[in-house]
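Everything below belongs to final.txt, which stores compact mmCIF, C-alpha atoms.
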# COMPACT_ATOMS: atom_id res chain seq x y z
CA MET A 1 5.13 2.20 -6.45
CA HIS A 2 7.35 3.49 -3.69
CA LEU A 3 5.99 4.95 -0.49
CA LYS A 4 7.42 8.05 1.14
CA LYS A 5 10.30 7.06 3.34
CA ASN A 6 9.27 9.26 6.27
CA LEU A 7 5.84 7.68 6.82
CA ALA A 8 5.20 6.33 10.30
CA ILE A 9 3.24 3.09 10.07
CA SER A 10 2.12 1.23 13.16
CA ASP A 11 1.38 -2.47 13.47
CA SER A 12 -2.28 -1.60 14.02
CA GLY A 13 -2.60 0.07 10.58
CA PHE A 14 -2.20 3.69 11.63
CA VAL A 15 -0.33 5.70 8.96
CA PHE A 16 1.08 9.14 9.76
CA ASN A 17 2.55 11.46 7.14
CA PRO A 18 4.82 13.91 8.99
CA SER A 19 5.19 16.06 5.86
CA SER A 20 1.52 17.02 5.93
CA GLY A 21 0.51 16.12 9.48
CA ASP A 22 -2.24 13.88 8.10
CA SER A 23 -3.01 10.47 9.52
CA TYR A 24 -4.94 7.53 8.13
CA SER A 25 -5.83 4.02 9.09
CA THR A 26 -6.00 0.88 7.02
CA ASN A 27 -7.29 -2.62 7.53
CA PRO A 28 -4.96 -5.61 8.05
CA ILE A 29 -4.76 -6.48 4.35
CA GLY A 30 -4.01 -2.85 3.44
CA LEU A 31 -1.29 -2.86 6.08
CA GLU A 32 0.11 -6.07 4.64
CA ILE A 33 0.24 -4.51 1.17
CA ILE A 34 1.94 -1.39 2.58
CA ARG A 35 4.55 -3.60 4.24
CA TYR A 36 5.17 -5.40 0.94
CA LEU A 37 5.55 -2.06 -0.84
CA GLU A 38 8.05 -0.98 1.82
CA GLU A 39 10.02 -4.15 1.08
CA GLY A 40 10.11 -3.16 -2.58
CA LEU A 41 7.96 -6.02 -3.85
CA ASP A 42 6.36 -5.51 -7.26
CA SER A 43 2.67 -5.90 -7.96
CA LYS A 44 3.09 -9.43 -9.40
CA LYS A 45 4.75 -10.70 -6.23
CA ILE A 46 2.20 -8.92 -4.03
CA ARG A 47 -0.62 -10.46 -6.09
CA SER A 48 0.89 -13.91 -5.68
CA LEU A 49 1.24 -13.54 -1.91
CA ILE A 50 -2.22 -12.04 -1.33
CA THR A 51 -4.16 -14.37 -3.64
CA LYS A 52 -2.59 -17.45 -2.04
CA ARG A 53 -2.98 -16.24 1.53
CA TYR A 54 -6.57 -15.03 1.21
CA GLN A 55 -7.80 -17.26 -1.61
CA VAL A 56 -8.94 -14.32 -3.72
CA ASN A 57 -9.03 -14.55 -7.50
CA ASP A 58 -6.72 -12.50 -9.72
CA ILE A 59 -9.49 -10.28 -11.14
CA THR A 60 -10.74 -9.25 -7.70
CA PHE A 61 -7.20 -8.66 -6.50
CA GLU A 62 -6.29 -6.51 -9.52
CA LYS A 63 -9.35 -4.29 -9.06
CA ASP A 64 -8.92 -3.89 -5.31
CA PHE A 65 -5.14 -3.43 -5.59
CA ALA A 66 -5.56 -0.72 -8.26
CA ASP A 67 -8.11 1.07 -6.05
CA PHE A 68 -5.75 0.87 -3.06
CA ILE A 69 -2.75 2.16 -5.04
CA ASN A 70 -4.86 5.01 -6.46
CA THR A 71 -5.89 5.93 -2.92
CA LEU A 72 -2.25 6.02 -1.80
CA HIS A 73 -1.45 8.30 -4.76
CA HIS A 74 -4.46 10.52 -4.01
CA LEU A 75 -3.36 10.85 -0.38
CA LYS A 76 0.16 11.70 -1.61
CA LEU A 77 1.74 8.83 0.29
CA ASN A 78 3.86 7.83 -2.68
CA ASP A 79 7.39 9.00 -3.34
CA GLU A 80 7.03 12.36 -5.12
CA ASP A 81 10.23 11.75 -7.10
CA GLU A 82 8.72 8.63 -8.66
CA LYS A 83 7.68 8.96 -12.28
CA ALA A 84 4.07 8.10 -13.02
As structure tokens, what does this structure read like?
Amino acid sequence: MHLKKNLAISDSGFVFNPSSGDSYSTNPIGLEIIRYLEEGLDSKKIRSLITKRYQVNDITFEKDFADFINTLHHLKLNDEDEKA
């Protein structure tokens, strides 16, 4: 998944979409995932980093990651040119 390039994302987890004027906030782990997505990391690499850092199992990560990605899609924070 690729995020929109024009998103403004603060170090405190505040996300602003200038295209719509909408703003959101995320927790520190959500912010970490957003930063990894900005770097272009794939879900396997993100899973590896998060599960090691936070000692979460793969099943829990996969469920929570899928929910988070679906939320980003729902909020239209993904690159619209990206194919589903």
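Across the structure, CA of Arg53 (chain A) and CA of Phe68 (chain A) are spaced 17.9 Å apart.
Separating CA of Asp67 (chain A) from CA of Lys5 (chain A) is a distance of 21.5 Å.
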Using all atoms listed in the file, find the one residue out of A:Asp79, A:Asp11, A:Asp58, A:Asp42 that sits nearest to Ile29 (chain A).
->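 Smallest separation from Ile29 (chain A) among the options: A:Asp11.
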May I have the residues within 12 Å of Leu72 (chain A) as a PyMOL selection string, using all atoms listed in the file and disregarding those fewer than 6 positions away in the same chain?
-> chain A and resi 1-4+7+15+17+24-26+30-31+33-34+37+65-66+78-80
Restricting the calculation to all atoms listed in the file, which member of A:Thr51, A:Asn6, A:His73, A:Ser20 is positioned closest to Glu38 (chain A)?
-> A:Asn6
With all atoms listed in the file as the basis for distance, which of A:Ile50, A:Leu77, A:Phe61, A:Ser43 is at the shortest distance from Gly21 (chain A)?
->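 The shortest atom-to-atom distance to Gly21 (chain A) comes from A:Leu77.
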One residue among A:Thr60, A:Ser12, A:Asn70, A:Ser48 is nearest to Asn27 (chain A) when using all atoms listed in the file, and that residue is A:Ser12
To test the calculation: enclose all listed atoms of region 34-50 of chain A in a box whose edges run along x, y and z, add 8 Å on each side, then state centre and edge lengths in Å to one decimal, as lines of an AutoDock Vina configuration file.
center_x = 3.9
center_y = -7.4
center_z = -2.6
size_x = 28.3
size_y = 28.9
size_z = 29.6
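The space separating CA of Lys45 (chain A) from CA of Ser10 (chain A) comes to 22.9 Å.
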Selected residue of minimal separation from Asp22 (chain A) among A:Ile59, A:Arg35, A:Ile46, A:Ala8, counting only C-alpha atoms | A:Ala8
